[in-house]
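run_10.cif, holding mmCIF, C-alpha atoms:
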```cif
data_work
loop_
_atom_site.label_atom_id
_atom_site.label_comp_id
_atom_site.auth_asym_id
_atom_site.auth_seq_id
_atom_site.Cartn_x
_atom_site.Cartn_y
_atom_site.Cartn_z
CA MET A 1 36.86 -32.84 -0.40
CA LEU A 2 33.44 -32.62 1.26
CA ASP A 3 35.12 -33.44 4.56
CA SER A 4 36.67 -30.02 4.74
CA PRO A 5 34.85 -28.15 7.54
CA PHE A 6 35.25 -24.87 5.69
CA LEU A 7 33.39 -26.17 2.67
CA GLN A 8 30.75 -27.81 4.81
CA ALA A 9 30.14 -24.55 6.68
CA THR A 10 29.87 -22.56 3.47
CA LEU A 11 27.54 -25.01 1.77
CA THR A 12 25.13 -25.41 4.68
CA GLY A 13 25.18 -21.65 5.30
CA VAL A 14 24.44 -20.81 1.68
CA ALA A 15 21.75 -23.47 1.33
CA ALA A 16 20.06 -22.32 4.53
CA GLY A 17 20.22 -18.66 3.52
CA VAL A 18 18.71 -19.19 0.08
CA LEU A 19 16.03 -21.48 1.53
CA ILE A 20 15.05 -18.90 4.13
CA ARG A 21 14.92 -16.17 1.52
CA TYR A 22 12.76 -18.29 -0.75
CA SER A 23 10.35 -19.04 2.07
CA MET A 24 9.98 -15.30 2.64
CA LEU A 25 9.20 -14.54 -1.02
CA LYS A 26 5.44 -14.63 -1.10
CA ARG A 27 3.88 -14.36 -4.51
CA ASP A 28 0.37 -13.29 -3.67
CA TYR A 29 -2.28 -10.85 -4.87
CA ARG A 30 0.18 -7.96 -4.73
CA GLN A 31 2.03 -9.49 -7.67
CA TYR A 32 5.25 -8.37 -6.14
CA PRO A 33 7.96 -9.52 -6.53
CA SER A 34 6.99 -10.51 -10.00
CA TYR A 35 7.52 -14.06 -11.20
CA PRO A 36 9.85 -15.38 -12.62
CA HIS A 37 12.40 -12.60 -13.04
CA GLY A 38 11.75 -10.58 -9.91
CA THR A 39 12.04 -13.78 -7.91
CA ALA A 40 15.28 -14.70 -9.68
CA ILE A 41 16.81 -11.33 -8.82
CA HIS A 42 15.98 -11.69 -5.15
CA LEU A 43 17.25 -15.25 -4.94
CA ALA A 44 20.48 -14.11 -6.56
CA THR A 45 21.04 -11.31 -4.06
CA ALA A 46 20.12 -13.73 -1.28
CA PHE A 47 22.77 -16.13 -2.58
CA ILE A 48 25.41 -13.40 -2.38
CA ALA A 49 24.29 -12.46 1.12
CA ALA A 50 24.37 -16.11 2.18
CA VAL A 51 27.89 -16.67 0.81
CA ILE A 52 29.27 -13.64 2.60
CA GLY A 53 27.45 -14.51 5.79
CA SER A 54 28.47 -18.14 5.94
CA VAL A 55 32.20 -17.55 5.40
CA ALA A 56 32.45 -14.82 8.02
CA ILE A 57 32.89 -16.91 11.17
CA PRO A 58 35.20 -19.53 9.61
CA ALA A 59 37.28 -16.68 8.20
CA LEU A 60 37.51 -15.03 11.60
CA ILE A 61 38.64 -18.27 13.20
CA GLU A 62 41.25 -18.74 10.49
CA LYS A 63 42.38 -15.13 11.15
CA GLU A 64 41.51 -14.07 7.60
CA PHE A 65 40.36 -10.63 8.65
CA THR A 66 40.10 -9.21 5.13
CA ALA A 67 37.31 -11.66 4.41
CA VAL A 68 35.25 -10.10 7.21
CA THR A 69 35.44 -6.65 5.65
CA PHE A 70 33.34 -8.08 2.86
CA LEU A 71 30.39 -7.87 5.23
CA ALA A 72 30.61 -4.10 5.13
CA LEU A 73 30.90 -4.17 1.37
CA ALA A 74 27.79 -6.30 1.13
CA ALA A 75 25.79 -3.93 3.32
CA ALA A 76 26.45 -1.14 0.82
CA GLN A 77 25.25 -3.40 -1.98
CA PHE A 78 21.99 -4.15 -0.25
CA ARG A 79 21.31 -0.49 0.32
CA ASP A 80 21.41 -0.18 -3.45
CA VAL A 81 18.86 -2.98 -3.70
CA ARG A 82 16.53 -0.88 -1.62
CA ASP A 83 17.10 2.21 -3.78
CA LEU A 84 16.44 0.22 -6.93
CA GLU A 85 13.23 -1.28 -5.58
CA ARG A 86 12.01 2.08 -4.40
CA MET A 87 12.76 3.75 -7.73
CA MET A 88 11.07 1.06 -9.76
CA LEU A 89 7.96 0.91 -7.62
CA LYS A 90 7.70 4.68 -7.60
CA ASN A 91 7.88 4.87 -11.37
CA LEU A 92 5.23 2.18 -11.76
CA ASP A 93 3.06 3.78 -9.09
CA GLU A 94 2.64 6.95 -11.11
CA ILE A 95 0.58 5.16 -13.71
CA ASN A 96 -1.48 3.05 -11.31
CA LEU A 97 -5.23 3.70 -11.33
CA VAL A 98 -5.07 3.56 -7.54
CA SER A 99 -1.55 4.31 -6.43
CA ARG A 100 0.15 2.48 -3.59
CA GLY A 101 1.41 5.69 -2.08
CA ALA A 102 4.92 6.61 -0.99
CA GLU A 103 4.67 4.93 2.42
CA TYR A 104 3.68 1.57 0.97
CA VAL A 105 6.49 1.76 -1.60
CA GLU A 106 8.99 2.71 1.08
CA GLY A 107 7.76 -0.18 3.21
CA VAL A 108 8.24 -2.72 0.42
CA ALA A 109 11.72 -1.39 -0.39
CA ARG A 110 12.73 -1.53 3.26
CA VAL A 111 11.52 -5.11 3.56
CA PHE A 112 13.70 -6.15 0.62
CA GLU A 113 16.79 -4.64 2.18
CA ALA A 114 16.04 -6.01 5.63
CA ARG A 115 15.46 -9.54 4.38
CA ASN A 116 18.88 -9.63 2.78
CA TYR A 117 20.40 -8.77 6.15
CA LEU A 118 18.28 -11.47 7.76
CA VAL A 119 19.63 -13.96 5.25
CA MET A 120 23.19 -12.82 5.87
CA PHE A 121 22.76 -13.15 9.61
CA ALA A 122 21.10 -16.57 9.36
CA SER A 123 23.92 -17.84 7.13
CA LEU A 124 26.45 -16.44 9.53
CA LEU A 125 24.96 -18.40 12.42
CA VAL A 126 24.53 -21.58 10.40
CA GLY A 127 28.02 -21.37 8.88
CA GLY A 128 29.54 -20.65 12.29
CA ALA A 129 27.74 -23.51 14.00
CA THR A 130 28.74 -25.95 11.28
CA TYR A 131 32.37 -24.85 11.38
CA ILE A 132 32.73 -24.88 15.15
CA GLY A 133 30.64 -27.99 15.73
CA ASN A 134 29.60 -30.18 12.88
CA ILE A 135 26.90 -30.33 10.26
CA LEU A 136 24.36 -31.54 12.83
CA TYR A 137 24.74 -28.33 14.84
CA GLY A 138 24.36 -26.47 11.57
CA LEU A 139 21.04 -28.13 10.84
CA ILE A 140 19.72 -27.33 14.31
CA VAL A 141 20.60 -23.66 13.79
CA VAL A 142 18.89 -23.79 10.39
CA ALA A 143 15.66 -24.87 12.08
CA VAL A 144 15.96 -22.14 14.71
CA THR A 145 16.72 -19.34 12.24
CA TYR A 146 13.96 -20.55 9.92
CA TYR A 147 11.49 -20.27 12.78
CA ILE A 148 12.74 -16.84 13.86
CA SER A 149 12.73 -15.45 10.33
CA GLY A 150 9.16 -16.65 9.91
CA ARG A 151 8.21 -14.74 13.04
CA LEU A 152 10.05 -11.61 11.92
CA LYS A 153 8.55 -11.46 8.47
CA GLY A 154 4.93 -11.00 9.53
CA GLY A 155 3.65 -7.62 10.67
CA LYS A 156 0.31 -6.49 11.99
CA VAL A 157 -2.75 -6.21 9.80
CA ILE A 158 -5.62 -3.73 9.90
CA GLY A 159 -7.97 -6.41 11.26
CA GLU A 160 -5.90 -6.52 14.47
CA ILE A 161 -6.07 -2.81 15.22
CA ALA A 162 -9.59 -1.96 14.10
CA ARG A 163 -13.11 -3.26 13.79
CA ILE A 164 -14.30 -3.36 10.19
CA ARG A 165 -17.93 -3.40 9.14
CA GLN A 166 -20.18 -2.37 6.30
CA GLY A 167 -21.49 1.20 6.08
CA LYS A 168 -24.47 2.50 4.15
CA VAL A 169 -23.71 4.54 1.03
CA TYR A 170 -26.16 7.36 0.32
CA PHE A 171 -26.45 10.84 -1.20
CA LYS A 172 -27.63 14.06 0.38
CA GLY A 173 -28.19 16.24 -2.67
CA PRO A 174 -25.03 15.81 -4.73
CA ASN A 175 -22.94 14.90 -1.66
CA LEU A 176 -21.80 11.34 -1.12
CA PHE A 177 -21.82 9.92 2.40
CA VAL A 178 -21.03 6.64 4.13
CA GLU A 179 -22.95 6.86 7.40
CA ASN A 180 -22.03 10.32 8.69
CA ILE A 181 -18.74 10.69 6.82
CA HIS A 182 -18.76 13.05 3.85
CA PHE A 183 -16.73 11.99 0.83
CA MET A 184 -17.29 14.22 -2.15
CA ASN A 185 -19.69 16.17 -4.26
CA LEU A 186 -20.76 14.43 -7.46
CA GLY A 187 -22.57 16.62 -9.97
CA ILE A 188 -23.66 14.16 -12.61
CA GLU A 189 -26.92 12.26 -12.05
CA SER A 190 -25.89 9.11 -13.96
CA ILE A 191 -22.74 8.75 -11.84
CA ARG A 192 -24.75 9.11 -8.63
CA GLU A 193 -27.07 6.34 -9.83
CA LYS A 194 -24.06 4.17 -10.61
CA TYR A 195 -22.75 4.76 -7.10
CA LEU A 196 -26.05 3.77 -5.50
CA GLU A 197 -26.17 0.68 -7.64
CA ARG A 198 -22.59 -0.57 -7.36
CA ALA A 199 -20.66 1.17 -4.58
CA LEU A 200 -19.76 -0.42 -1.26
CA GLY A 201 -19.13 1.46 1.96
CA VAL A 202 -16.87 0.31 4.75
CA ILE A 203 -16.40 1.75 8.23
CA ILE A 204 -13.09 1.12 9.99
CA GLU A 205 -13.31 1.75 13.72
CA PRO A 206 -9.94 1.94 15.52
CA LEU A 207 -9.77 -0.15 18.67
CA ASN A 208 -7.62 2.33 20.65
CA ASP A 209 -5.75 5.61 20.36
CA ASP A 210 -2.71 3.98 18.77
CA ALA A 211 -4.88 2.58 16.02
CA ARG A 212 -6.62 5.91 15.57
CA ALA A 213 -3.31 7.70 15.02
CA THR A 214 -2.12 4.96 12.66
CA LEU A 215 -5.29 5.08 10.58
CA ALA A 216 -5.03 8.86 10.30
CA SER A 217 -1.89 8.40 8.19
CA ILE A 218 -2.62 9.16 4.57
CA GLY A 219 -0.10 6.57 3.42
CA GLN A 220 -1.90 3.86 5.39
CA ARG A 221 -5.22 4.87 3.87
CA MET A 222 -3.77 4.80 0.36
CA ALA A 223 -2.48 1.30 1.06
CA ILE A 224 -5.96 0.16 2.10
CA ALA A 225 -7.51 1.63 -1.05
CA HIS A 226 -4.84 0.07 -3.24
CA ASP A 227 -5.15 -3.41 -1.76
CA ALA A 228 -8.95 -3.40 -1.76
CA ALA A 229 -8.99 -2.28 -5.39
CA SER A 230 -6.46 -4.84 -6.48
CA ILE A 231 -8.40 -7.68 -4.85
CA LEU A 232 -11.97 -6.81 -5.85
CA GLY A 233 -11.26 -5.09 -9.15
CA LEU A 234 -11.95 -1.46 -9.87
CA TYR A 235 -14.78 0.08 -11.85
CA LYS A 236 -12.65 2.91 -13.16
CA ASP A 237 -10.57 4.10 -16.08
CA VAL A 238 -8.29 7.09 -16.59
CA ASP A 239 -11.15 9.36 -17.66
CA THR A 240 -13.52 8.42 -14.82
CA ALA A 241 -11.74 9.93 -11.86
CA GLU A 242 -14.97 9.97 -9.81
CA TYR A 243 -14.75 6.20 -9.24
CA THR A 244 -11.45 6.45 -7.37
CA PRO A 245 -11.80 4.67 -4.01
CA LEU A 246 -11.66 7.19 -1.17
CA LEU A 247 -10.95 6.95 2.54
CA ARG A 248 -12.05 9.80 4.73
CA ARG A 249 -11.76 10.40 8.42
CA ASP A 250 -14.55 11.22 10.82
CA LEU A 251 -12.86 14.03 12.73
CA ASP A 252 -14.98 13.58 15.85
CA THR A 253 -14.30 9.91 16.46
CA GLY A 254 -11.28 9.05 14.31
CA ARG A 255 -13.29 6.46 12.43
CA ILE A 256 -12.33 5.92 8.81
CA GLY A 257 -14.91 5.53 6.08
CA MET A 258 -14.14 4.01 2.72
CA VAL A 259 -16.15 4.10 -0.46
CA ILE A 260 -15.20 1.96 -3.43
CA VAL A 261 -16.88 0.98 -6.68
CA PRO A 262 -15.62 -2.56 -7.25
CA ILE A 263 -16.16 -4.88 -10.18
CA GLU A 264 -17.21 -7.65 -7.81
CA LYS A 265 -19.84 -6.22 -5.51
CA ASP A 266 -19.28 -8.51 -2.58
CA ILE A 267 -19.13 -6.90 0.84
CA GLU A 268 -17.98 -10.03 2.65
CA PHE A 269 -14.78 -10.26 0.64
CA LEU A 270 -14.21 -6.53 0.69
CA LEU A 271 -14.24 -6.62 4.50
CA GLU A 272 -11.83 -9.55 4.42
CA ALA A 273 -9.55 -7.71 2.00
CA VAL A 274 -9.45 -4.64 4.24
CA GLU A 275 -8.79 -6.75 7.32
CA ARG A 276 -5.64 -8.24 5.84
CA VAL A 277 -4.06 -5.01 4.61
CA PRO A 278 -0.70 -4.73 6.37
CA VAL A 279 -0.19 -1.97 8.91
CA LEU A 280 2.68 -0.02 7.37
CA GLU A 281 5.78 0.25 9.48
CA SER A 282 6.19 3.94 8.69
CA ALA A 283 2.53 4.69 9.41
CA PHE A 284 2.44 2.93 12.75
CA ARG A 285 2.00 5.34 15.65
CA SER A 286 1.86 4.56 19.33
CA PRO A 287 0.93 7.65 21.37
CA LEU A 288 -0.21 5.32 24.18
CA LYS A 289 3.43 4.45 24.88
CA THR A 290 3.98 7.93 26.31
CA SER A 291 2.50 8.99 29.62
CA ALA A 292 1.14 12.19 28.08
CA GLY A 293 -0.61 10.14 25.38
CA ARG A 294 -2.12 7.79 27.97
CA LYS A 295 -3.42 10.66 30.09
CA ALA A 296 -4.82 12.47 27.07
CA SER A 297 -6.64 9.40 25.87
CA ASP A 298 -9.51 9.58 28.35
CA MET B 1 8.18 12.79 -12.42
CA ALA B 2 4.98 13.94 -14.08
CA VAL B 3 3.96 17.50 -13.26
CA GLU B 4 0.22 17.92 -12.91
CA LEU B 5 -2.25 20.51 -11.78
CA ASN B 6 -4.40 19.35 -8.92
CA LYS B 7 -7.55 20.76 -7.28
CA PHE B 8 -7.87 23.12 -10.21
CA ILE B 9 -11.13 24.31 -11.77
CA LEU B 10 -10.96 23.41 -15.45
CA ALA B 11 -14.41 24.58 -16.57
CA ILE B 12 -17.61 26.11 -15.22
CA ILE B 13 -21.03 25.13 -16.55
CA ALA B 14 -23.67 27.66 -15.53
CA LEU B 15 -27.40 28.07 -15.95
CA LYS B 16 -27.57 31.59 -14.56
CA PRO B 17 -25.07 34.09 -15.98
CA GLU B 18 -25.39 36.31 -12.89
CA LYS B 19 -23.91 33.54 -10.71
CA VAL B 20 -20.54 33.45 -12.47
CA ALA B 21 -17.98 35.99 -13.54
CA GLY B 22 -14.90 35.80 -15.74
CA GLY B 23 -11.98 34.08 -14.04
CA GLY B 24 -9.34 31.51 -14.71
CA ALA B 25 -11.62 28.85 -16.12
CA PRO B 26 -13.79 28.96 -19.26
CA VAL B 27 -17.52 29.34 -18.60
CA PHE B 28 -20.12 27.37 -20.57
CA TYR B 29 -23.74 28.51 -20.41
CA ALA B 30 -26.42 25.81 -20.66
CA GLU B 31 -30.04 26.38 -21.74
CA ASN B 32 -31.52 23.94 -19.24
CA GLU B 33 -30.59 21.33 -16.67
CA GLU B 34 -30.54 18.52 -19.22
CA GLU B 35 -28.00 20.28 -21.38
CA GLN B 36 -26.04 21.19 -18.28
CA GLY B 37 -25.81 17.56 -17.18
CA LYS B 38 -24.72 16.49 -20.62
CA LEU B 39 -22.09 19.21 -20.86
CA ALA B 40 -20.79 18.28 -17.42
CA LEU B 41 -20.44 14.64 -18.36
CA THR B 42 -18.75 15.36 -21.69
CA LEU B 43 -16.35 17.91 -20.25
CA SER B 44 -15.46 15.75 -17.28
CA ARG B 45 -14.60 12.85 -19.58
CA ILE B 46 -12.54 15.02 -21.93
CA THR B 47 -10.58 16.71 -19.15
CA GLU B 48 -10.38 13.60 -16.92
CA GLY B 49 -11.81 15.80 -14.18
CA VAL B 50 -14.73 15.36 -11.82
CA ALA B 51 -17.98 17.35 -12.09
CA HIS B 52 -19.14 18.94 -8.83
CA ASP B 53 -22.54 20.51 -8.23
CA LEU B 54 -22.38 23.82 -6.35
CA GLU B 55 -26.16 23.57 -5.84
CA ASN B 56 -26.86 27.04 -7.20
CA GLY B 57 -27.27 26.05 -10.81
CA THR B 58 -23.51 25.93 -11.41
CA TYR B 59 -21.27 22.93 -12.03
CA VAL B 60 -17.50 23.02 -11.89
CA ILE B 61 -15.13 20.51 -13.43
CA VAL B 62 -12.18 19.98 -11.13
CA LYS B 63 -8.93 18.17 -11.76
CA HIS B 64 -8.10 16.01 -8.73
#
```
The structure in this file should be written as structure tokens.
Amino acid sequence: MLDSPFLQATLTGVAAGVLIRYSMLKRDYRQYPSYPHGTAIHLATAFIAAVIGSVAIPALIEKEFTAVTFLALAAAQFRDVRDLERMMLKNLDEINLVSRGAEYVEGVARVFEARNYLVMFASLLVGGATYIGNILYGLIVVAVTYYISGRLKGGKVIGEIARIRQGKVYFKGPNLFVENIHFMNLGIESIREKYLERALGVIIEPLNDDARATLASIGQRMAIAHDAASILGLYKDVDTAEYTPLLRRDLDTGRIGMVIVPIEKDIEFLLEAVERVPVLESAFRSPLKTSAGRKASD
Amino acid sequence: MAVELNKFILAIIALKPEKVAGGGAPVFYAENEEEQGKLALTLSRITEGVAHDLENGTYVIVKH
């Protein structure tokens, strides 16, 4: 039975699709998707995407056109996946000590939808190649799609668009500063002492005008605060709002300052954490791509 | 979705009565700076707000 090209195409397509999806599921410090159930859900949707993708080309060749309409049906399903992810993350975000922010949530939800399409497309190519050629062609396409999907999954990080260094935290009267950037006014003496003792300041200097516009996005700044806090731990509870990490913009230069009171006071790792925060797709701006933006930049 | 008040003055802690007048937020008068600091800390914890120093002998507790 395994000799049937149709079955061979489906099996290689499905196996390749699920494998590619699994390789894209990173369980890292973000704790998302959660393990084991979050992972199981995404592998299951990937399986469905892979089945639909891998039968599409064989079905077309066999003139089973109704089977192809399933592709459209699947697309609608995956849009729901995105809605579900967005809703869940949004609900959880409301009770986070440092929220991810709407742009981060939207970015994660979009990634989940997009990766299902990637899986479907990869399975379609693998299934097609196996059906038209043989299983060897299928395996070659697996390798190619695996490589391409690996390239597609990574985005830019803050470390690539900006220079990140430590900044000095100090008070002028009750006002908190990191270098020349004002953050807030703190009235209580004991909290100011705590800040001087434990707080870390970071200065993020954009490398060009594109980076400056990207870093101005509030969603991007919330993402930086969230990731830094989740990596270094946060010295804060619900009733101590003054320890919320803040990112403020130096209006004159577009530099961003960050102040955070972490559990682990370790500037080296804080800088590393900030460097690897992803640049959000929806926050990314590129004024330098327009001629007006290029002329205005000098 | 939770509905919350933001950037709202919850309480005023004053040393000098002539610096404040009746408004939306309750006003607490403190005898000295020590009592004022204590009141600010207690009220900010209770209201989950942040105490800000207006630098004229008046503190405000603000919900952020």
(request) Select residues of chain B: the criterion is any atom within 6 Å of an atom of chain A, counting only C-alpha atoms; output as a list in words. (result)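 Here is what falls inside 6 Å: Arg45, Glu48, Val50, Ala51, His52 and Asp53 of chain B.
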For the residues selected in the previous step, produce a file with C-alpha atoms as a PDB file, keeping the file's coordinate frame.
```
ATOM      1  CA  ARG B  45     -14.600  12.850 -19.580  1.00  0.00           C
ATOM      2  CA  GLU B  48     -10.380  13.600 -16.920  1.00  0.00           C
ATOM      3  CA  VAL B  50     -14.730  15.360 -11.820  1.00  0.00           C
ATOM      4  CA  ALA B  51     -17.980  17.350 -12.090  1.00  0.00           C
ATOM      5  CA  HIS B  52     -19.140  18.940  -8.830  1.00  0.00           C
ATOM      6  CA  ASP B  53     -22.540  20.510  -8.230  1.00  0.00           C
TER       7      ASP B  53
END
```
The PyMOL selection byres ((chain B and resi 60) around 9) applied to the shown file, residues as a short mmCIF file (atom, residue, chain, number, x, y, z; two decimals) with C-alpha atoms, keeping the file's coordinate frame:
```
data_model
loop_
_atom_site.label_atom_id
_atom_site.label_comp_id
_atom_site.auth_asym_id
_atom_site.auth_seq_id
_atom_site.Cartn_x
_atom_site.Cartn_y
_atom_site.Cartn_z
CA GLY A 187 -22.57 16.62 -9.97
CA ILE B 9 -11.13 24.31 -11.77
CA LEU B 10 -10.96 23.41 -15.45
CA ALA B 11 -14.41 24.58 -16.57
CA ILE B 12 -17.61 26.11 -15.22
CA ILE B 13 -21.03 25.13 -16.55
CA ALA B 14 -23.67 27.66 -15.53
CA ALA B 40 -20.79 18.28 -17.42
CA VAL B 50 -14.73 15.36 -11.82
CA ALA B 51 -17.98 17.35 -12.09
CA HIS B 52 -19.14 18.94 -8.83
CA ASP B 53 -22.54 20.51 -8.23
CA LEU B 54 -22.38 23.82 -6.35
CA THR B 58 -23.51 25.93 -11.41
CA TYR B 59 -21.27 22.93 -12.03
CA ILE B 61 -15.13 20.51 -13.43
CA VAL B 62 -12.18 19.98 -11.13
#
```
(request) Determine, counting all atoms listed in the file, every residue of protein, DNA or RNA that lies within 7 Å of (-8.6, 11.1, 6.4) in the file coordinates, then give the result as an MDAnalysis selection string. (result) chainID A and resid 216 218 247:249 256
(request) Please write as a list in words the list of polymer residues whose atoms come within 7 Å of (-7.1, -1.3, -13.0), counting only C-alpha atoms and keeping to the coordinates of the file. (result)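 These residues have at least one counted atom within 7 Å: Leu97, Gly233, Leu234 and Lys236 of chain A.
Distance-wise, CA of Ser282 in chain A and CA of Met24 in chain A end up 20.5 Å apart.
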(message) Which residue is closest to Gly57 in chain B? Choose from B:Ala25, B:Leu43, B:Pro17, B:Lys7 and count all atoms listed in the file.
(response)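 Answer, going by the shortest atom-to-atom distance: B:Pro17.
Distance annotation: of A:Ser54, A:Asn116, A:Asn180, A:Gln166, the residue with the minimal separation from Leu271 in chain A is A:Gln166; atom set is only C-alpha atoms.
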(message) Please report the interatomic distance between CA of Glu264 in chain A and CA of Ala199 in chain A in Å with one decimal.
(response)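 Going from CA of Glu264 in chain A over to CA of Ala199 in chain A, I get 10.0 Å.
Going from CA of Gly37 in chain B over to CA of Val98 in chain A, you cover 26.8 Å.
Once the PyMOL selection byres ((chain B and resi 29) around 8) is applied to the depicted file, the selected set reads Ile13, Ala14, Leu15, Lys16, Pro17, Val27, Phe28, Ala30, Glu31 and Gln36 of chain B.
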Can you write out the residues you just picked, keeping C-alpha atoms, as a PDB file, in the coordinates of the input?
```
ATOM      1  CA  ILE B  13     -21.030  25.130 -16.550  1.00  0.00           C
ATOM      2  CA  ALA B  14     -23.670  27.660 -15.530  1.00  0.00           C
ATOM      3  CA  LEU B  15     -27.400  28.070 -15.950  1.00  0.00           C
ATOM      4  CA  LYS B  16     -27.570  31.590 -14.560  1.00  0.00           C
ATOM      5  CA  PRO B  17     -25.070  34.090 -15.980  1.00  0.00           C
ATOM      6  CA  VAL B  27     -17.520  29.340 -18.600  1.00  0.00           C
ATOM      7  CA  PHE B  28     -20.120  27.370 -20.570  1.00  0.00           C
ATOM      8  CA  ALA B  30     -26.420  25.810 -20.660  1.00  0.00           C
ATOM      9  CA  GLU B  31     -30.040  26.380 -21.740  1.00  0.00           C
ATOM     10  CA  GLN B  36     -26.040  21.190 -18.280  1.00  0.00           C
TER      11      GLN B  36
END
```
(request) May I ask which of the residues A:Phe177, A:Leu196, A:Arg285, A:Gly293 is the closest one to Met258 in chain A, counting all atoms listed in the file? (result) A:Phe177
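Selection check: the PyMOL selection byres ((chain A and resi 68) around 12) on the shown file gives Val51, Ile52, Gly53, Ser54, Val55, Ala56, Ile57, Pro58, Ala59, Leu60, Ile61, Glu62, Lys63, Glu64, Phe65, Thr66, Ala67, Thr69, Phe70, Leu71, Ala72, Leu73, Ala74, Ala75 and Leu124 of chain A.
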Adding 3 Å on each side of the box along x, y and z that holds all listed atoms of range 8-21 of chain B, could you give its centre and edge lengths in Å to one decimal, as lines of an AutoDock Vina configuration file?
```
center_x = -17.7
center_y = 29.7
center_z = -13.4
size_x = 25.7
size_y = 19.2
size_z = 12.4
```
